[in-house]
file final.tsv (TSV, C-alpha atoms)
chain	number	residue	atom	x	y	z
Z	1368	MET	CA	61.07	17.82	-14.38
Z	1369	ASN	CA	60.75	18.98	-17.96
Z	1370	TYR	CA	57.89	21.11	-19.32
Z	1371	TYR	CA	56.22	18.10	-20.89
Z	1372	SER	CA	56.05	16.35	-17.51
Z	1373	ILE	CA	54.67	19.44	-15.82
Z	1374	PHE	CA	52.00	19.78	-18.49
Z	1375	LEU	CA	51.10	16.10	-18.29
Z	1376	SER	CA	50.91	16.23	-14.50
Z	1377	LEU	CA	48.56	19.20	-14.68
Z	1378	ILE	CA	46.30	17.42	-17.14
Z	1379	LEU	CA	46.24	14.27	-15.02
Z	1380	SER	CA	45.43	16.17	-11.86
Z	1381	VAL	CA	42.36	17.97	-13.28
Z	1382	PRO	CA	39.80	15.28	-12.32
Z	1383	THR	CA	41.03	15.24	-8.73
Z	1384	ILE	CA	39.96	18.87	-8.16
Z	1385	ALA	CA	36.50	18.50	-9.71
Z	1386	GLN	CA	33.40	19.87	-7.97
Z	1387	LYS	CA	31.58	17.77	-5.42
Z	1388	GLN	CA	28.70	15.81	-6.99
Z	1389	PHE	CA	25.36	15.24	-5.27
Z	1390	VAL	CA	24.08	12.62	-7.69
Z	1391	SER	CA	25.75	9.38	-8.78
Z	1392	PHE	CA	25.06	7.04	-11.68
Z	1393	ASP	CA	24.41	3.48	-10.49
Z	1394	ASN	CA	26.01	1.47	-13.29
Z	1395	GLU	CA	25.48	-1.82	-11.43
Z	1396	ALA	CA	21.70	-1.34	-11.29
Z	1397	VAL	CA	21.19	-0.56	-14.99
Z	1398	ARG	CA	18.51	-2.76	-16.58
Z	1399	ILE	CA	18.58	-3.61	-20.30
Z	1400	ILE	CA	15.79	-5.28	-22.27
Z	1401	LYS	CA	16.69	-6.40	-25.79
Z	1402	GLN	CA	13.99	-6.80	-28.43
Z	1403	LYS	CA	15.16	-7.43	-32.01
Z	1404	GLU	CA	16.50	-4.07	-33.21
Z	1405	GLU	CA	15.60	-2.15	-30.07
Z	1406	LEU	CA	17.12	-1.80	-26.66
Z	1407	THR	CA	15.22	-0.46	-23.68
Z	1408	ILE	CA	17.56	0.75	-20.96
Z	1409	VAL	CA	16.69	1.90	-17.45
Z	1410	LEU	CA	19.32	4.26	-16.05
Z	1411	PRO	CA	19.26	4.76	-12.26
Z	1412	PHE	CA	20.70	7.81	-10.54
Z	1413	ASN	CA	21.06	8.10	-6.77
Z	1414	ILE	CA	20.60	11.49	-5.17
Z	1415	LEU	CA	22.66	11.79	-1.99
Z	1416	GLU	CA	20.66	11.55	1.20
Z	1417	GLY	CA	19.72	14.94	2.54
Z	1418	TYR	CA	19.92	16.63	-0.85
Z	1419	HIS	CA	17.35	17.33	-3.52
Z	1420	ILE	CA	17.56	18.44	-7.13
Z	1421	GLN	CA	15.10	20.51	-9.12
Z	1422	ALA	CA	12.17	18.87	-10.88
Z	1423	ALA	CA	12.55	17.56	-14.40
Z	1424	MET	CA	9.78	19.75	-15.73
Z	1425	GLU	CA	7.29	22.37	-14.57
Z	1426	THR	CA	10.00	24.21	-12.71
Z	1427	LYS	CA	8.84	27.55	-11.41
Z	1428	ASP	CA	10.47	30.92	-11.74
Z	1429	ASN	CA	14.06	30.82	-12.88
Z	1430	LEU	CA	14.86	27.38	-11.52
Z	1431	ILE	CA	17.02	25.00	-13.53
Z	1432	PRO	CA	15.18	21.77	-14.44
Z	1433	THR	CA	16.94	18.43	-14.23
Z	1434	GLU	CA	17.84	17.22	-17.68
Z	1435	ILE	CA	19.71	14.37	-19.36
Z	1436	ILE	CA	21.38	14.59	-22.74
Z	1437	PHE	CA	22.99	11.72	-24.61
Z	1438	GLU	CA	25.97	11.67	-26.89
Z	1439	GLN	CA	25.09	10.70	-30.45
Z	1440	ASN	CA	26.36	7.36	-31.69
Z	1441	VAL	CA	26.40	5.93	-35.23
Z	1442	ASN	CA	25.39	2.50	-33.90
Z	1443	TYR	CA	22.00	3.57	-32.61
Z	1444	LYS	CA	19.38	6.26	-32.49
Z	1445	ILE	CA	17.52	7.23	-29.32
Z	1446	ILE	CA	13.81	7.08	-30.10
Z	1447	THR	CA	12.30	7.74	-26.67
Z	1448	GLN	CA	13.60	9.05	-23.37
Z	1449	ASN	CA	11.49	9.62	-20.27
Z	1450	PHE	CA	11.94	9.91	-16.55
Z	1451	THR	CA	10.11	6.79	-15.37
Z	1452	LEU	CA	10.85	6.87	-11.65
Z	1453	THR	CA	10.78	10.11	-9.75
Z	1454	ASN	CA	10.52	10.69	-6.02
Z	1455	TYR	CA	9.11	14.13	-5.53
Z	1456	ASP	CA	9.20	16.19	-2.38
Z	1457	ILE	CA	7.72	19.61	-1.75
Z	1458	VAL	CA	9.78	22.64	-0.72
Z	1459	VAL	CA	7.86	25.57	0.69
Z	1460	LEU	CA	9.23	28.97	-0.20
Z	1461	ASN	CA	7.09	31.46	1.61
Z	1462	GLU	CA	4.27	32.18	-0.84
Z	1463	PHE	CA	4.83	29.37	-3.28
Z	1464	THR	CA	5.87	25.75	-3.21
Z	1465	HIS	CA	7.90	23.82	-5.72
Z	1466	ARG	CA	8.57	20.16	-6.39
Z	1467	VAL	CA	12.02	18.70	-6.05
Z	1468	LEU	CA	13.49	15.28	-6.70
Z	1469	ASN	CA	15.23	13.16	-4.09
Z	1470	LYS	CA	16.46	9.62	-3.40
Z	1471	LEU	CA	16.28	7.67	-6.67
Z	1472	LEU	CA	15.75	8.96	-10.18
Z	1473	GLU	CA	15.40	6.71	-13.21
Z	1474	MET	CA	15.35	7.48	-16.89
Z	1475	THR	CA	14.22	4.92	-19.44
Z	1476	ILE	CA	15.45	5.23	-23.00
Z	1477	THR	CA	14.74	3.18	-26.09
Z	1478	LEU	CA	17.42	2.82	-28.73
Z	1479	LYS	CA	16.92	1.68	-32.29
Z	1480	LEU	CA	20.04	-0.14	-33.36
Z	1481	SER	CA	21.64	0.45	-36.74
Z	1482	LYS	CA	22.03	-2.47	-39.11
Z	1483	GLY	CA	25.31	-4.22	-38.46
Z	1484	SER	CA	25.55	-3.08	-34.86
Z	1485	ILE	CA	22.97	-5.46	-33.36
Z	1486	ASN	CA	25.48	-7.83	-31.84
Z	1487	SER	CA	28.40	-5.48	-31.38
Z	1488	SER	CA	29.63	-3.87	-28.20
Z	1489	MET	CA	28.63	-0.22	-27.89
Z	1490	LYS	CA	28.96	2.62	-25.42
Z	1491	LEU	CA	26.20	4.83	-24.13
Z	1492	LYS	CA	27.44	8.20	-22.91
Z	1493	GLY	CA	25.51	11.10	-21.50
Z	1494	GLN	CA	25.33	13.97	-19.06
Z	1495	LEU	CA	22.92	14.64	-16.23
Z	1496	MET	CA	22.49	18.35	-15.65
Z	1497	TYR	CA	21.06	19.33	-12.29
Z	1498	GLN	CA	21.01	21.92	-9.55
Z	1499	ALA	CA	21.04	20.62	-5.99
Z	1500	CYS	CA	20.10	22.06	-2.62
Z	1501	ASP	CA	19.97	20.74	0.92
Z	1502	ASP	CA	18.60	22.17	4.15
Z	1503	LYS	CA	21.44	24.63	4.44
Z	1504	GLN	CA	22.50	25.57	0.98
Z	1505	CYS	CA	21.85	25.68	-2.74
Z	1506	TYR	CA	24.73	24.71	-4.98
Z	1507	PHE	CA	25.92	25.81	-8.38
Z	1508	PRO	CA	24.52	23.69	-11.24
Z	1509	ARG	CA	26.46	20.50	-11.85
Z	1510	VAL	CA	27.05	18.22	-14.82
Z	1511	LEU	CA	27.45	14.50	-14.12
Z	1512	ASP	CA	29.08	12.55	-16.95
Z	1513	PHE	CA	28.08	8.93	-17.17
Z	1514	LYS	CA	28.80	6.07	-19.53
Z	1515	MET	CA	28.11	2.37	-19.83
Z	1516	THR	CA	28.74	-0.53	-22.15
Z	1517	LEU	CA	25.69	-1.97	-23.89
I	1069	MET	CA	62.58	4.60	-12.26
I	1070	SER	CA	60.37	4.27	-15.32
I	1071	VAL	CA	58.84	7.29	-17.00
I	1072	ILE	CA	55.35	6.29	-15.81
I	1073	LYS	CA	56.52	6.02	-12.18
I	1074	LYS	CA	58.20	9.41	-12.47
I	1075	ILE	CA	55.02	10.96	-13.81
I	1076	LEU	CA	52.94	9.40	-11.05
I	1077	VAL	CA	55.29	10.73	-8.38
I	1078	GLN	CA	55.25	14.15	-10.02
I	1079	LYS	CA	51.46	14.05	-10.19
I	1080	LEU	CA	51.16	13.17	-6.52
I	1081	ALA	CA	53.56	15.93	-5.57
I	1082	LEU	CA	51.63	18.41	-7.67
I	1083	ILE	CA	48.27	17.39	-6.20
I	1084	LEU	CA	49.71	17.78	-2.70
I	1085	PHE	CA	51.10	21.18	-3.61
I	1086	LEU	CA	47.81	22.32	-5.17
I	1087	PHE	CA	45.85	21.08	-2.15
I	1088	CYS	CA	48.09	22.98	0.26
I	1089	PHE	CA	48.05	26.06	-1.96
I	1090	ILE	CA	44.25	26.15	-2.27
I	1091	THR	CA	43.71	25.43	1.44
I	1092	CYS	CA	46.15	28.14	2.49
I	1093	ARG	CA	44.62	30.66	0.10
I	1094	GLN	CA	41.13	29.94	1.31
I	1095	SER	CA	41.98	30.19	4.97
I	1096	SER	CA	43.80	33.47	4.51
I	1097	LYS	CA	41.01	35.06	2.47
I	1098	SER	CA	38.42	35.47	5.18
I	1099	GLU	CA	38.47	36.82	8.65
I	1100	ILE	CA	34.88	35.76	9.21
I	1101	SER	CA	34.25	32.54	11.04
I	1102	GLY	CA	31.17	30.36	11.27
I	1103	GLY	CA	31.00	31.15	14.96
I	1104	ASP	CA	30.61	34.82	14.10
I	1105	ALA	CA	27.98	34.19	11.49
I	1106	LEU	CA	25.84	31.40	12.77
I	1107	GLN	CA	25.21	32.23	16.41
I	1108	GLY	CA	21.88	33.92	15.89
I	1109	ASN	CA	23.15	35.78	12.80
I	1110	ASN	CA	24.08	38.91	14.74
I	1111	ILE	CA	27.78	39.71	14.88
I	1112	GLU	CA	28.81	41.58	17.97
I	1113	LYS	CA	32.58	41.54	17.63
I	1114	LEU	CA	34.32	43.78	15.14
I	1115	VAL	CA	34.43	42.08	11.76
I	1116	LYS	CA	35.50	44.32	8.90
I	1117	ALA	CA	33.57	43.78	5.68
I	1118	PRO	CA	35.96	42.84	2.86
I	1119	GLU	CA	36.28	45.73	0.37
I	1120	PHE	CA	34.96	45.18	-3.14
I	1121	SER	CA	34.72	47.01	-6.39
I	1122	LEU	CA	32.12	45.65	-8.80
I	1123	LYS	CA	30.39	46.72	-11.98
I	1124	SER	CA	26.65	47.23	-11.74
I	1125	LEU	CA	24.04	46.36	-14.35
I	1126	ASN	CA	24.13	49.97	-15.57
I	1127	ASP	CA	27.92	49.76	-15.98
I	1128	SER	CA	28.85	52.00	-13.06
I	1129	ILE	CA	31.53	50.82	-10.66
I	1130	ILE	CA	30.45	50.53	-7.05
I	1131	ASN	CA	33.04	50.29	-4.30
I	1132	LEU	CA	31.99	49.31	-0.82
I	1133	SER	CA	34.18	52.11	0.55
I	1134	ASP	CA	32.10	54.65	-1.40
I	1135	LEU	CA	29.17	53.74	0.83
I	1136	LYS	CA	30.99	54.52	4.07
I	1137	GLY	CA	28.64	56.43	6.37
I	1138	LYS	CA	25.63	54.34	5.30
I	1139	PHE	CA	24.15	51.06	6.43
I	1140	VAL	CA	24.49	48.60	3.58
I	1141	VAL	CA	22.36	45.50	3.10
I	1142	VAL	CA	24.05	42.99	0.80
I	1143	HIS	CA	22.20	40.03	-0.67
I	1144	ILE	CA	24.28	37.44	-2.53
I	1145	ALA	CA	22.32	35.62	-5.23
I	1146	THR	CA	22.02	33.89	-8.56
I	1147	THR	CA	19.08	33.86	-10.96
I	1148	TRP	CA	18.42	30.13	-10.50
I	1149	CYS	CA	18.55	30.09	-6.69
I	1150	PRO	CA	14.99	29.38	-5.44
I	1151	PHE	CA	15.53	31.04	-2.09
I	1152	CYS	CA	17.05	34.15	-3.65
I	1153	ASN	CA	14.03	34.46	-5.93
I	1154	ALA	CA	11.68	34.11	-2.97
I	1155	GLU	CA	13.49	36.92	-1.14
I	1156	ALA	CA	13.67	39.29	-4.09
I	1157	PRO	CA	10.28	41.05	-3.64
I	1158	TYR	CA	10.95	41.52	0.07
I	1159	LEU	CA	14.39	42.95	-0.63
I	1160	GLU	CA	12.79	45.50	-2.93
I	1161	ALA	CA	10.26	46.35	-0.22
I	1162	LEU	CA	13.07	46.71	2.32
I	1163	TYR	CA	14.89	49.08	-0.03
I	1164	ASN	CA	11.81	51.25	-0.51
I	1165	ASN	CA	11.04	51.36	3.20
I	1166	TYR	CA	14.59	52.13	4.36
I	1167	LYS	CA	16.24	54.10	1.56
I	1168	ASP	CA	15.39	57.39	3.29
I	1169	LYS	CA	16.92	56.13	6.53
I	1170	ASN	CA	20.54	56.06	5.38
I	1171	VAL	CA	20.29	52.47	4.16
I	1172	GLU	CA	21.58	51.20	0.81
I	1173	VAL	CA	20.66	47.79	-0.62
I	1174	LEU	CA	22.94	45.88	-3.00
I	1175	LEU	CA	22.44	42.56	-4.69
I	1176	ILE	CA	25.61	40.77	-5.72
I	1177	ASP	CA	24.98	38.21	-8.44
I	1178	VAL	CA	27.58	35.44	-8.65
I	1179	LYS	CA	29.06	34.14	-11.91
I	1180	GLU	CA	26.29	35.02	-14.34
I	1181	SER	CA	26.03	37.19	-17.41
I	1182	LYS	CA	24.73	40.73	-17.38
I	1183	ALA	CA	21.92	39.92	-19.83
I	1184	LEU	CA	20.67	36.98	-17.79
I	1185	VAL	CA	20.71	38.94	-14.53
I	1186	ALA	CA	18.92	41.89	-16.13
I	1187	GLU	CA	16.17	39.65	-17.48
I	1188	LYS	CA	15.75	37.13	-14.67
I	1189	LEU	CA	16.29	39.33	-11.65
I	1190	LYS	CA	16.03	43.06	-12.33
I	1191	ASP	CA	13.17	42.97	-14.83
I	1192	LYS	CA	11.32	39.97	-13.44
I	1193	TYR	CA	11.20	41.28	-9.89
I	1194	LYS	CA	11.27	44.99	-10.81
I	1195	LEU	CA	14.29	45.62	-8.60
I	1196	SER	CA	15.24	49.28	-8.31
I	1197	PHE	CA	18.37	49.02	-6.14
I	1198	PRO	CA	21.86	48.42	-7.60
I	1199	ILE	CA	22.65	44.92	-8.83
I	1200	LEU	CA	26.35	44.13	-8.99
I	1201	LEU	CA	28.06	41.46	-11.05
I	1202	ASP	CA	30.63	39.25	-9.36
I	1203	PHE	CA	31.72	37.46	-12.52
I	1204	ASP	CA	34.38	35.27	-10.95
I	1205	GLY	CA	32.77	34.81	-7.53
I	1206	LYS	CA	35.76	36.29	-5.72
I	1207	VAL	CA	33.76	38.88	-3.81
I	1208	ALA	CA	31.20	36.31	-2.64
I	1209	ALA	CA	34.07	34.04	-1.64
I	1210	SER	CA	35.71	36.80	0.38
I	1211	TYR	CA	32.63	36.93	2.62
I	1212	ALA	CA	32.41	33.18	3.24
I	1213	PRO	CA	33.05	32.15	6.84
I	1214	LYS	CA	36.24	30.11	6.72
I	1215	ASP	CA	34.93	27.16	8.72
I	1216	VAL	CA	31.48	26.75	7.15
I	1217	LEU	CA	31.18	23.93	4.57
I	1218	PRO	CA	34.95	23.76	4.03
I	1219	GLU	CA	34.59	21.12	1.30
I	1220	LEU	CA	32.82	23.56	-1.02
I	1221	ASP	CA	33.98	26.41	-3.17
I	1222	ARG	CA	33.84	29.53	-1.04
I	1223	ASP	CA	31.55	31.49	-3.36
I	1224	GLU	CA	29.04	28.62	-3.26
I	1225	VAL	CA	28.68	28.95	0.52
I	1226	MET	CA	27.33	32.47	0.26
I	1227	LEU	CA	24.38	31.97	-2.09
I	1228	ALA	CA	21.13	33.37	-0.65
I	1229	SER	CA	22.95	34.99	2.26
I	1230	ASN	CA	22.25	38.45	3.65
I	1231	LEU	CA	24.67	40.83	5.30
I	1232	LEU	CA	24.28	44.11	7.10
I	1233	ILE	CA	27.30	46.40	7.12
I	1234	ASP	CA	27.34	49.42	9.41
I	1235	PRO	CA	28.48	52.95	8.44
I	1236	ASP	CA	32.02	52.14	9.62
I	1237	GLY	CA	32.28	49.13	7.34
I	1238	ASN	CA	31.79	46.45	10.00
I	1239	ILE	CA	29.57	43.43	9.47
I	1240	LYS	CA	26.78	43.52	12.04
I	1241	TYR	CA	24.60	40.71	10.72
I	1242	MET	CA	25.11	37.73	8.46
I	1243	SER	CA	22.56	35.06	7.62
I	1244	LEU	CA	23.47	32.01	5.61
I	1245	LEU	CA	20.70	30.03	3.99
I	1246	ASP	CA	18.75	27.78	6.33
I	1247	SER	CA	15.84	26.41	4.35
I	1248	LYS	CA	14.22	24.78	7.38
I	1249	ASN	CA	13.89	28.18	8.99
I	1250	PHE	CA	13.72	30.22	5.83
I	1251	ASP	CA	13.05	33.90	6.44
I	1252	ALA	CA	11.97	35.10	2.99
I	1253	GLU	CA	10.40	38.22	4.43
I	1254	LEU	CA	13.74	39.23	5.95
I	1255	ILE	CA	12.18	39.71	9.39
I	1256	GLN	CA	15.42	39.06	11.30
I	1257	LEU	CA	17.43	41.37	9.07
I	1258	LYS	CA	14.90	44.19	9.45
I	1259	LYS	CA	14.83	43.65	13.21
I	1260	ARG	CA	18.61	44.02	13.36
I	1261	LEU	CA	18.49	47.06	11.12
I	1262	ASP	CA	15.88	48.68	13.35
I	1263	GLU	CA	18.04	47.99	16.41
I	1264	LEU	CA	21.03	49.71	14.82
I	1265	LEU	CA	19.31	52.70	13.22

call {"tool": "encode", "arguments": {"input": "final.tsv", "output": "structure tokens"}}
result
Amino acid sequence: MNYYSIFLSLILSVPTIAQKQFVSFDNEAVRIIKQKEELTIVLPFNILEGYHIQAAMETKDNLIPTEIIFEQNVNYKIITQNFTLTNYDIVVLNEFTHRVLNKLLEMTITLKLSKGSINSSMKLKGQLMYQACDDKQCYFPRVLDFKMTL
Amino acid sequence: MSVIKKILVQKLALILFLFCFITCRQSSKSEISGGDALQGNNIEKLVKAPEFSLKSLNDSIINLSDLKGKFVVVHIATTWCPFCNAEAPYLEALYNNYKDKNVEVLLIDVKESKALVAEKLKDKYKLSFPILLDFDGKVAASYAPKDVLPELDRDEVMLASNLLIDPDGNIKYMSLLDSKNFDAELIQLKKRLDELL
């Protein structure tokens, strides 16, 4: 085995030792509505049963809110992005309570397409940043990469 | 064999090697088992607390062995951990109530920067006991029971846990987070401390 092969093998093996994820992107359930130069896309994320992630806003204390960021693309501009489906649960922490998300989470975004890209194939890429807990444990913050073809 | 096949075989061999290496390292790191830790939190058999040497927020180095002769309460935390935040005021109260009874309290923060910990833990909760920085999580990992949540990184298992180490350096109590029976006021820990003092 030469050094190049060793290096390549190491690079290829990186994804296999990634951290456990508690949220998955449901590519099959994505909904897209096309209206002239705009696309409205509903992005569903499934939170593993038994786990919750921190609220998207109004997080108390030092908690890390759930957030989604999108990669910029010359073919479109994101004009709105909102969490449109949230299942909240309440966690009681002695003197105060806080809201957490579980089950299904959906974000709806609206894209304004650039001229010349209206009928072309494009990618939407982003990252969901979240911090999960379950009944027994809280876990280090995670980043879930997701992508889809428009 | 084509180059691609060779690379795939090499990759598989490497993954197998890494898996074995990581598993072996993890199992040899800790002498603490879930059975010790989770049966009512009290540890009756002799379990030596792993030694550590960590920098505190005020840049002094604290070694566990320096505290021999004292009872040491160790809380493992991060700034963003909701349960750790809920316990923080009670940990400060415990420190104030027991510091004259040969008890030291330490908070070990895992994998966060000094500035963040100073702002979000020490200043926010007005903590007066030493806060130590475990930048790479190795100290937290060394305390993780080997058979608890084996699929996770070892340092992750210990977040929001509390330990009580006796003057001889033996672990006498360990609580891992159980949010259904969350004991923010540290009642069980104080009970155990009172039994031992």

call {"tool": "interface_residues", "arguments": {"input": "final.tsv", "of": "chain Z", "to": "chain I", "cutoff": "6 Å", "atoms": "all atoms listed in the file", "output": "PyMOL selection string"}}
result
chain Z and resi 1376+1429-1430+1502-1504

call {"tool": "residues_around", "arguments": {"input": "final.tsv", "residues": "range 1402-1418 of chain Z", "least_positions_apart": "4", "cutoff": "7 Å", "atoms": "only C-alpha atoms", "output": "PDB file with C-alpha atoms, in the frame of the given file"}}
result
ATOM      1  CA  PHE Z1389      25.360  15.240  -5.270  1.00  0.00           C
ATOM      2  CA  VAL Z1390      24.080  12.620  -7.690  1.00  0.00           C
ATOM      3  CA  SER Z1391      25.750   9.380  -8.780  1.00  0.00           C
ATOM      4  CA  PHE Z1392      25.060   7.040 -11.680  1.00  0.00           C
ATOM      5  CA  ASP Z1393      24.410   3.480 -10.490  1.00  0.00           C
ATOM      6  CA  ALA Z1396      21.700  -1.340 -11.290  1.00  0.00           C
ATOM      7  CA  VAL Z1397      21.190  -0.560 -14.990  1.00  0.00           C
ATOM      8  CA  ARG Z1398      18.510  -2.760 -16.580  1.00  0.00           C
ATOM      9  CA  ASN Z1469      15.230  13.160  -4.090  1.00  0.00           C
ATOM     10  CA  LYS Z1470      16.460   9.620  -3.400  1.00  0.00           C
ATOM     11  CA  LEU Z1471      16.280   7.670  -6.670  1.00  0.00           C
ATOM     12  CA  LEU Z1472      15.750   8.960 -10.180  1.00  0.00           C
ATOM     13  CA  GLU Z1473      15.400   6.710 -13.210  1.00  0.00           C
ATOM     14  CA  MET Z1474      15.350   7.480 -16.890  1.00  0.00           C
ATOM     15  CA  THR Z1475      14.220   4.920 -19.440  1.00  0.00           C
ATOM     16  CA  ILE Z1476      15.450   5.230 -23.000  1.00  0.00           C
ATOM     17  CA  THR Z1477      14.740   3.180 -26.090  1.00  0.00           C
ATOM     18  CA  LEU Z1478      17.420   2.820 -28.730  1.00  0.00           C
ATOM     19  CA  LYS Z1479      16.920   1.680 -32.290  1.00  0.00           C
ATOM     20  CA  LEU Z1480      20.040  -0.140 -33.360  1.00  0.00           C
ATOM     21  CA  ILE Z1485      22.970  -5.460 -33.360  1.00  0.00           C
ATOM     22  CA  ALA Z1499      21.040  20.620  -5.990  1.00  0.00           C
ATOM     23  CA  CYS Z1500      20.100  22.060  -2.620  1.00  0.00           C
ATOM     24  CA  ASP Z1501      19.970  20.740   0.920  1.00  0.00           C
TER      25      ASP Z1501
END

call {"tool": "atom_distance", "arguments": {"input": "final.tsv", "atom1": "CA of Val1115 in chain I", "atom2": "CA of Lys1136 in chain I"}}
result
15.0 Å

call {"tool": "residues_near_point", "arguments": {"input": "final.tsv", "point": "(18.2, 43.0, 14.5)", "cutoff": "10 Å", "atoms": "only C-alpha atoms", "output": "mmCIF file with C-alpha atoms, in the frame of the given file"}}
result
data_model
loop_
_atom_site.group_PDB
_atom_site.id
_atom_site.type_symbol
_atom_site.label_atom_id
_atom_site.label_comp_id
_atom_site.auth_asym_id
_atom_site.auth_seq_id
_atom_site.Cartn_x
_atom_site.Cartn_y
_atom_site.Cartn_z
ATOM 1 C CA GLY I 1108 21.880 33.920 15.890
ATOM 2 C CA ASN I 1109 23.150 35.780 12.800
ATOM 3 C CA ASN I 1110 24.080 38.910 14.740
ATOM 4 C CA LEU I 1232 24.280 44.110 7.100
ATOM 5 C CA LYS I 1240 26.780 43.520 12.040
ATOM 6 C CA TYR I 1241 24.600 40.710 10.720
ATOM 7 C CA ILE I 1255 12.180 39.710 9.390
ATOM 8 C CA GLN I 1256 15.420 39.060 11.300
ATOM 9 C CA LEU I 1257 17.430 41.370 9.070
ATOM 10 C CA LYS I 1258 14.900 44.190 9.450
ATOM 11 C CA LYS I 1259 14.830 43.650 13.210
ATOM 12 C CA ARG I 1260 18.610 44.020 13.360
ATOM 13 C CA LEU I 1261 18.490 47.060 11.120
ATOM 14 C CA ASP I 1262 15.880 48.680 13.350
ATOM 15 C CA GLU I 1263 18.040 47.990 16.410
ATOM 16 C CA LEU I 1264 21.030 49.710 14.820
ATOM 17 C CA LEU I 1265 19.310 52.700 13.220
#

call {"tool": "atom_distance", "arguments": {"input": "final.tsv", "atom1": "CA of Gly1205 in chain I", "atom2": "CA of Leu1511 in chain Z"}}
result
22.0 Å

call {"tool": "atom_distance", "arguments": {"input": "final.tsv", "atom1": "CA of Ile1399 in chain Z", "atom2": "CA of Gln1498 in chain Z"}}
result
27.8 Å

call {"tool": "closest_residue", "arguments": {"input": "final.tsv", "among": "I:Leu1175, I:Leu1162, I:Leu1184, I:Ala1145", "to": "Ser1124 in chain I", "atoms": "only C-alpha atoms"}}
result
I:Leu1175

call {"tool": "residues_around", "arguments": {"input": "final.tsv", "residues": "Lys1182 in chain I", "least_positions_apart": "2", "cutoff": "10 Å", "atoms": "all atoms listed in the file", "output": "PyMOL selection string"}}
result
chain I and resi 1123-1127+1177+1179-1180+1184-1187+1199-1201+1203
